[in-house]
Protein chains: 2
Amino acid sequence: MTTPTSDRAPLDRNAIVAGGIAFADERGTDALSMRKLAAGLGYEVMSLYNHVASKAEVLTLMVDAVAGEIPDTDSAAEPLVAVRTLAVDTRAALVRHPWAASLWLRQLPGPARVRHMENHLAALAATDLSPRVAHLAFHAVNNHVIGYTLQEQAMAYVTLSDGDAGALARSFMEGLSEEDSPHTITHVRQHLDGDTASSFELVLDLILDGLTRLDRAL
Amino acid sequence: MTTPTSDRAPLDRNAIVAGGIAFADERGTDALSMRKLAAGLGYEVMSLYNHVASKAEVLTLMVDAVAGEIPDTDSAAEPLVAVRTLAVDTRAALVRHPWAASLWLRQLPGPARVRHMENHLAALAATDLSPRVAHLAFHAVNNHVIGYTLQEQAMAYVTLSDGDAGALARSFMEGLSEEDSPHTITHVRQHLDGDTASSFELVLDLILDGLTRLDRAL
DNA sequence: ACCTGAACACCGTTCAAGT
DNA sequence: ACCTGAACACCGTTCAAGT
């Protein structure tokens with residue numbers, strides 16, 4: 001029979017990263033501290049430093065783990081469809097982990113994100129877009145995925161109703177005057193009415209079409 | 001005659017925000033602390049709290065001040081040209097203050113940013129785009145401006161040569177294998193060769209054209 | 001090899017005391 | 001009205017000591 005000396009899981013890089021992701025999913029990266037992370041895993045803070053160099057490294061590993069959740073492109077698929085699918089899947093991962101989008105571009109890519117880039121760039125190279133336009137396409141698509149997700153999260157924040165954030169959001173809304181900011185009020189109302197649901201894919205297709213057209217024009 | 005009791009400027013909201021911007025322009029928002037900010041202005045930390053509720057408020061005010069630097073749209077201009085000009089000017093402000101892009105979408109808009117939104121939305125409303133497409137346009141253009149700038153800054157980070165960041169960047173580059181990541185290597189090389197200089201406006205026009213086309217299709 | 005107590009140099013923020 | 005000393009409850013990180 002085994003003797004369970006403690007109920008805590010063994011500590012290693014993976015456990016730390018998984019703990020960080022679980023914490024951030026629930027309470028955000030702003031609230032994440034090495035001390036709370038360690039406590040959540042059943043260890044003292046200093047133990048973390050046996051496996052990880054710094055908090056910055058933990059964050060980098062966390063973002064890379066999110067990248068690792070994104071399925072590889074299907075090499076049998078039509079290349080532009082593969083790009084489109086990758087964009088949709090990337091967005092899904094960023095929605096699952098709402099803290100990840102704002103970190104995505106601030107961290108150096110780890111292995112999983114390099115693999116993600118490689119997937120994206122290889123699919124673009126397999127289209128008949130010129131190398132120059134394929135390069136633009138990479139960024140245009142990425143910026144849309146990240147920008148759209150960030151914007152959506154900001155909007156979700158405005159619609160919060162309870163807590164400090166809710167109070168801030170309410171005071172923002174009440175500060176808008178119909179006289180000075182009619183268009184802004186209308187715009188926010190369009191969000192609240194939720195009539196812009198599937199615009200992520202609409203704009204994505206707009207960009208993909210535009211790139212094809214640009215390629216023919218250059 | 002006056003008796004100069006000290007060489008420090010009087011403390012108020014504006015001085016705090018200006019000090020924060022100057023500090024962040026030089027050393028980034030990560031390094032910004034209330035204590036260093038106060039010291040830079042010649043006061044003790046606690047004095048700041050006579051004028052400002054929290055560090056979060058300082059950051060919100062800083063972003064809003066950046067928005068305030070962006071010129072209003074010219075109501076005499078052709079509406080779609082006004083949108084384009086606003087996008088270019090917004091990007092210029094974000095380039096002048098490299099810390100601002102990643103904060104832009106994380107803060108609730110202050111008065112200057114509401115004015116900026118109003119400018120943008122009013123110009124779009126004056127085009128002959130349908131309300132639905134104008135709504136999409138607002139986000140598509142904003143996401144491009146912010147995403148492009150963030151991406152460019154991440155790239156600038158990779159090309160740093162000295163300090164800790166430089167060492168990290170070098171180890172990232174050396175970690176890329178020609179075998180596993182040929183496309184990624186090519187992509188990074190395209191950046192380093194700088195042959196993608198004016199692609200910001202190229203993609204911006206692609207989006208604006210795409211929106212006009214989408215409007216006709218819907 | 002991995003865990004940890006103690007310590008260091010920082011944080012943001014509050015409050016009571018000064019002028 | 002505005003400035004500030006002292007204090008509180010936190011941070012990330014290092015290092016030497018334990019097993």
# chains A, B, ... in the order shown; residues from 1 in each chain; ligands from 1
$ closest_atom_pairs --of "chain A" --to "chain B" --cutoff "6 Å" --atoms "only C-alpha atoms" --output "JSON lines"
{"residue": "A:Glu118", "atom": "CA", "partner": "B:Thr184", "partner_atom": "CA", "distance": 5.6}
{"residue": "A:Leu121", "atom": "CA", "partner": "B:His183", "partner_atom": "CA", "distance": 5.9}
{"residue": "A:Asn143", "atom": "CA", "partner": "B:Gly147", "partner_atom": "CA", "distance": 4.6}
{"residue": "A:Gly147", "atom": "CA", "partner": "B:Asn143", "partner_atom": "CA", "distance": 4.6}
{"residue": "A:Ser181", "atom": "CA", "partner": "B:Glu118", "partner_atom": "CA", "distance": 5.9}
{"residue": "A:His183", "atom": "CA", "partner": "B:Glu118", "partner_atom": "CA", "distance": 5.9}
{"residue": "A:Thr184", "atom": "CA", "partner": "B:Glu118", "partner_atom": "CA", "distance": 5.6}
{"residue": "A:Leu206", "atom": "CA", "partner": "B:Gly210", "partner_atom": "CA", "distance": 5.7}
{"residue": "A:Gly210", "atom": "CA", "partner": "B:Leu206", "partner_atom": "CA", "distance": 5.8}
$ interface_residues --of "chain B" --to "chain D" --cutoff "12 Å" --atoms "only C-alpha atoms (C1' of nucleotides)" --output "list in words"
Pro10, Leu11, Asp12, Gly42, Tyr43, Glu44, Val45, Met46, Ser47, Leu48, Tyr49, Asn50 and His51 of chain B
$ select_by_dssp --residues "region 72-196 of chain B" --states "alpha helix (DSSP H)" --output "MDAnalysis selection string"
chainID B and resid 79:96 100:104 111:126 131:158 163:175 182:192
$ atom_distance --atom1 "CA of Arg13 (chain B)" --atom2 "CA of Lys55 (chain B)"
12.3 Å
